[in-house]
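What follows is one structure encoded as structure tokens, with my remarks underneath.
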Amino acid sequence: MFPTSFGPWLDYTINGLVIGNIYALLAVGLALIFGVSHLINFAHGSVYMVGAYIGWLGITKLNLPLPVTFAAVAVGCGLLGAVIERVGLRPLRNAPRIAPLLATIGLSVVLDQSAQLLFSPDPRALPTQLPSWRIAIGGGSIGALDLLIAGVGIGSAALLYGFLRFTRLGWAVRATALDRDAAQQCGVDVDKVNRTVFAIASALGGVSGLLVGMYYNTIDPNMGFQAGLKGIVAQLIGGVGNVPGAIAGSLLLGLIESYGIALFGTSYRNLFAFVALILILVLRPNGLFAKARRLPPEPLTGTFIAPSRPLVLPGWLIGLLIVAALALPFAVQQPYLLQTLGNAWLYALLALSLTLVAGTVGQVSLGHAGLLAIGAYASALLALDAGIPVLLAVPLAGVIAAALGTALVFPAFRLRGHYVSIATLAVGEIVTLVILNWESLTRGPIGVTGVPPLSVAGTPLVSGQWVYWIPLVVLLVFAGVQTRLLSSHLGRTLRAIREDDVAARSYGVDLNRYKGLAFAVAGFVAGVGGALMAHFYSYINHETFPAPVSMLALTMVILGGLGNVAGAVLGAVVLVGLPELFRAAAEYRMLIYGVVLLLLIRFRPQGLLGTV
Amino acid sequence: MTTASTTSTPTSTPSASVAPLLSIAGLVRRFGGLTAVNGLSLSLADGELVSVIGPNGAGKTTLFNLITGLDTPDVGSVAFAGQDVTGFAAERLAGLGLARTFQHGRVFGNLSVLDNVLVGAHTRLRAVRPPLGLPLLGPLAELGLALLPPAAVRAEEERLRAEATEIIALFGDRLTPRLDKPAHSLSYANRRRVEIARALALKPRLLLLDEPTAGMNPTETAEMLEIIRGLKGRGLTILLIEHKLDLVMQLSDRVVVMDHGARIAEGLPSAVATDPAVIEAYLGHKAVGAANQDDAAAVVPTKRGIGE
């Protein structure tokens with residue numbers, strides 16, 4: 001495990017620098033985009049994946065010479081970048097700041113799912129046509145591909161430097177990054193600058209994807225998610241929007257990962273990146289190379305969330321719907337229908353939890369599935385290994401998810417806006433990775449089998465009606481509690497934090513205390529939801545609650561209306577219940593979610609029932 | 001040194017013998033190469049209304065941020081009600097009775113007018129926020145009391161609601177008919193009023209108003225003048241940033257003039273208005289011309305107000 005001679009260490013160093021170079025191609029693009037549009041582009045990883053697939057088509061299907069393949073990847077991804085800017089972001093220029101962030105998430109889902117439909121979800125080999133010689137240096141060795149990656153990295157950095165330094169358009173890009181309005185008043189075509197930057201960034205990202213595919217000789221439609229995150233991590237290490245910082249941060253991240261793997265093994269690889277991310281966000285939120293304190297940002301008066309007039313459902317209608325929902329199993333006996341709706345109620349618990357955090361308090365969490373995972377594992381392991389009765393294990397799991405979830409997100413409480421989303425995304429990944437690696441507790445990649453079902457007096461409650469009723473009753477209880485919470489002084493306090501945290505602080509609102517309360521309540525609700533899922537599914541593993549579940553939850557919340565309790569339930573029924581009932585092919589489902597998210601952001605950002 | 005203090009006779013400040021409510025000493029705040037506040041000292045007695053005026057970029061809002069804990073000074077100290085509060089967080093200062101409004105208006109857009117004002121009363125919630133002083137139990141008790149409110153909590157909420165409605169009624173029928181409307185639907189002037197109502201709900205010992213009449217027409221400004229005069233009449237201590245000089249002249253016990261982060265003059269409104277250093281800061285002697293110094297002095301106290 002611990003290499004003692006010098007040679008392997010040199011190999012790890014070279015490997016780290018090569019990977020760092022690849023991250024740099026991603027991070028530089030992200031930094032450029034952030035510079036001109038103040039947006040962290042979550043779709044960047046998907047562009048990288050598209051680059052890998054264009055390369056795969058060029059190399060294995062069309063048998064193009066390698067330089068032509070590279071050119072095709074750069075041009076193809078550059079065009080894709082320009083399209084992303086035009087379709088996904090330019091229409092949202094005057095929208096609240098949350099909108100472009102969500103749009104890039106939606107675009108990312110759409111691109112990943114389209115690739116999965118076109119090329120199948122299975123990984124494919126991407127053979128390299130490069131000669132297989134390796135130069136031996138001091139016990140380590142360098143291959144042709146390593147040199148190519150280094151060359152592409154250094155070459156693109158030089159080209160980019162020349163472009164930004166010596167061309168008119170490059171000046172325009174730098175001017176826009178410094179002061180968008182001033183540049184526009186001096187006659188800079190800011191739209192063109194944005195388009196150019198997205199094109200350049202995407203071309204670099206696509207080339208990076210191709211190089212990674214060649215390096216590992218494998219590509220798959222989901223490769224972009226982790227890579228995009230790594231690019232974001234690298235960029236944050238260097239300081240957002242800082243191009244040289246992004247390169248330095250990338251090389252550093254590559255080395256950290258490579259040495260980390262050398263010391264602890266491959267399965268910990270991503271953990272280092274995400275732990276590094278959380279540390280950076282908490283300790284040096286402006287990056288390692290940031291100078292001393294800067295001017296505080298101008299107040300953004302409630303612009304993160306759109307103004308809205310919520311639709312208030314009359315009490316009699318809600319009562320009627322509740323009675324109808326409770327009575328449904330008497331009218332309908334099809335187990336399939338009841339099971340589907342039961343599943344929708346379970347997801348509604350997740351949406352209820354997320355709408356409190358993302359909607360009411362405005363902390364847009366992208367790692368909410370992590371809370372489900374904590375609840376599910378806590379309850380399953382308490383029931384199986386500690387022998388605690390299931391009916392007691394479920395609420396205990398809620399408490400554990402509340403405590404652990406709040407503690408994990410606590411370091412991110414001082415962050416705002418997009419940074420909260422990145423930090424929670426990382427926390428979600430960390431939860432999954434800890435579950436995967438802490439084998440003595442969680443059984444690692446095998447997962448937990450034979451989770452006992454809910455039972456009363458020895459009778460298991462597994463029939464169709466119970467699978468429907470239990471989640472529904474739990475949901476109704478929590479929805480009632482949350483409605484009550486929103487109408488108390490806590491409701492206005494939490495919403496004040498969302499609207500303007502600086503003004504809230506000036507009126508004595510302790511942000512940590514109330515964010516903590518909201519995350520604790522949300523953690524309890526999601527934890528109980530995850531626990532119920534574990535007992536209904538009877539088998540869970542680290543992939544039962546993957547990152548797309550977090551995106552799905554966010555789509556439900558936005559569909560229903562941020563902070564809207566009835567909206568969260570509606571969102572879950574529409575997005576989980578309806579596709580199932582209409583038998584939409586399972587593989588199209590995530591694509592539909594992505595498209596729904598994009599359309600909502602563009603045409604009805606306040607959701608169906610409105611922000612509360 | 002630029003602090004050319006002018007004609008501040010001891011009798012001009014009420015209760016000058018008592019310890020000041022707010023006292024600022026040698027405050028410095030630098031942003032990179034720019035010194036926004038440069039060695040400023042200032043004190044405010046109970047019941048006094050002091051205005052801070054000065055050209056744009058003089059450091060007035062930075063001064064407010066330093067006093068209210070949204071920013072921390074590089075050098076210097078702030079004492080409030082006899083306690084050194086330098087570096088205290090904004091939420092803690094609010095708890096001590098410091099309330100402020102913001103230059104560009106920072107209402108909670110999606111909250112109703114009433115809820116905006118009720119957030120102002122946050123520090124006065126006692127029954128629902130028992131001061132347990134324990135890190136975890138305090139918030140959990142608050143959650144429990146909010147979900148299952150006992151009679152005391154319900155009574156407190158009712159009392160605060162009644163009080164908030166009363167404060168809103170200070171503004172006549174400007175806000176009262178819009179009690180349940182979201183703040184984002186209000187006019188700019190009405191949002192400023194909501195901000196002041198929110199600050200009053202805190203029951204402040206010291207109220208800091210950052211350009212309360214910005215964006216208001218003459219009628220609305222006159223209305224606001226009467227409201228501030230009324231607050232002063234009730235004995236409230238107020239620190240006011242304002243560009244409309246006729247308002248400043250009518251309301252202030254004392255005026256502090258800032259330029260380039262430092263105090264360039266201080267004294268009675270009438271004295272400050274004719275101070276050559278002030279005129280130079282506002283108009284720049286080159287622009288006026290040395291020969292016309294006397295004319296320039298005559299320009300200052302006119303009705304329109306300068307610096308707009």
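Chain labels follow the order of the structure tokens: the first chain is A, the next B, and so on; residue numbering restarts at 1 in every chain, and ligands are counted from 1 in their shown order.
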
Can you work out which residues from chain B touch chain A at a cut-off of 8 Å (counting only C-alpha atoms) and hand them back as a ChimeraX atom specification? /B:31-32,68,70,90-95,99-100,105-111,115-116,119-123,139-140,143,146-147,182,184,199,202

Would you please extract all helix (DSSP H, G or I) residues from range 141-300 of chain B, as assigned by DSSP on the backbone, and give them as a ChimeraX atom specification? /B:141-147,151-169,176-178,183-185,188-201,218-233,245-251,269-273,276-283,285-288,290-299

Surrounding residues of Ala369 in chain A excluding itself and chain neighbours under 5 positions, 8 Å, only C-alpha atoms, as a PDB file with C-alpha atoms, in the first residue's frame:
```
ATOM      1  CA  LEU A 350     -38.319  14.250   0.183  1.00  0.00           C
ATOM      2  CA  GLY A 428     -24.331  14.424  -0.823  1.00  0.00           C
ATOM      3  CA  PHE A 545     -30.195   7.326  -3.569  1.00  0.00           C
ATOM      4  CA  PRO A 546     -27.891   8.735  -6.258  1.00  0.00           C
ATOM      5  CA  ALA A 547     -27.368  12.384  -7.193  1.00  0.00           C
ATOM      6  CA  VAL A 549     -32.655  11.769  -7.009  1.00  0.00           C
ATOM      7  CA  SER A 550     -31.553  15.125  -5.570  1.00  0.00           C
TER       8      SER A 550
END
```

Do you know which residues are at most 10 Å from Tyr215 in chain A counting only C-alpha atoms, after dropping those on the same chain fewer than 6 positions away, and could you put them as a list in words?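 After dropping sequence-adjacent residues, the list is Val18, Ile19, Leu126, Pro127, Thr128, Leu145, Asp146, Ile149 and Gly209 of chain A.
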
Take the selection from the previous step and output its residues with N, CA and C atoms, as a short mmCIF file (atom, residue, chain, number, x, y, z; two decimals), in the first residue's frame.
```cif
data_model
loop_
_atom_site.label_atom_id
_atom_site.label_comp_id
_atom_site.auth_asym_id
_atom_site.auth_seq_id
_atom_site.Cartn_x
_atom_site.Cartn_y
_atom_site.Cartn_z
N VAL A 18 -0.91 14.79 -14.87
CA VAL A 18 -1.70 14.53 -16.08
C VAL A 18 -3.19 14.73 -15.79
N ILE A 19 -3.66 14.14 -14.68
CA ILE A 19 -5.07 14.32 -14.31
C ILE A 19 -5.35 15.79 -14.03
N LEU A 126 -12.52 3.40 -25.63
CA LEU A 126 -12.06 4.43 -26.54
C LEU A 126 -10.58 4.18 -26.80
N PRO A 127 -10.27 3.32 -27.77
CA PRO A 127 -8.88 2.96 -27.98
C PRO A 127 -8.09 4.17 -28.50
N THR A 128 -6.87 4.28 -28.02
CA THR A 128 -6.03 5.36 -28.52
C THR A 128 -5.19 4.86 -29.68
N LEU A 145 0.76 9.35 -24.54
CA LEU A 145 -0.50 10.01 -24.20
C LEU A 145 -0.29 11.06 -23.12
N ASP A 146 0.60 10.73 -22.13
CA ASP A 146 0.91 11.72 -21.10
C ASP A 146 1.45 13.00 -21.73
N ILE A 149 -1.29 14.90 -23.52
CA ILE A 149 -2.16 15.64 -22.58
C ILE A 149 -1.45 16.90 -22.10
N GLY A 209 -12.65 15.88 -22.24
CA GLY A 209 -13.39 14.62 -22.19
C GLY A 209 -12.76 13.56 -23.09
#
```

Can you list, as an mmCIF file with N, CA and C atoms, in the first residue's frame, all residues belonging to range 397-486 of chain A that DSSP tags as strand (DSSP E)?
```cif
data_model
loop_
_atom_site.group_PDB
_atom_site.id
_atom_site.type_symbol
_atom_site.label_atom_id
_atom_site.label_comp_id
_atom_site.auth_asym_id
_atom_site.auth_seq_id
_atom_site.Cartn_x
_atom_site.Cartn_y
_atom_site.Cartn_z
ATOM 1 N N SER A 455 -43.950 -3.592 10.795
ATOM 2 C CA SER A 455 -44.916 -4.582 11.261
ATOM 3 C C SER A 455 -45.531 -4.114 12.566
ATOM 4 N N VAL A 456 -46.763 -4.552 12.789
ATOM 5 C CA VAL A 456 -47.450 -4.249 14.037
ATOM 6 C C VAL A 456 -47.840 -5.566 14.671
ATOM 7 N N THR A 459 -47.288 -8.668 12.719
ATOM 8 C CA THR A 459 -47.877 -8.788 11.388
ATOM 9 C C THR A 459 -47.202 -7.787 10.459
ATOM 10 N N PRO A 460 -46.499 -8.256 9.441
ATOM 11 C CA PRO A 460 -45.853 -7.310 8.526
ATOM 12 C C PRO A 460 -46.886 -6.560 7.686
#
```

Atomic distance CA of Gly239 in chain A - CA of Ile84 in chain A, expressed in Å with one decimal: 24.2 Å

Residues within 7 Å of Leu204 in chain A, only C-alpha atoms, excluding chain neighbours under 5 positions, as a PyMOL selection string: chain A and resi 25-26+29+74

Show me, as a PyMOL selection string, the residues that have an atom within 10 Å of Pro212 in chain B when counting only C-alpha atoms, minus same-chain residues fewer than 5 positions from it. chain B and resi 101-105+189+192-193+195-196+221+224-225+228+240-244

Would you mind listing what lies within 8 Å of Leu39 in chain A as a ChimeraX atom specification, with only C-alpha atoms counted and same-chain residues fewer than 3 positions away left out? /A:33-34,100-101
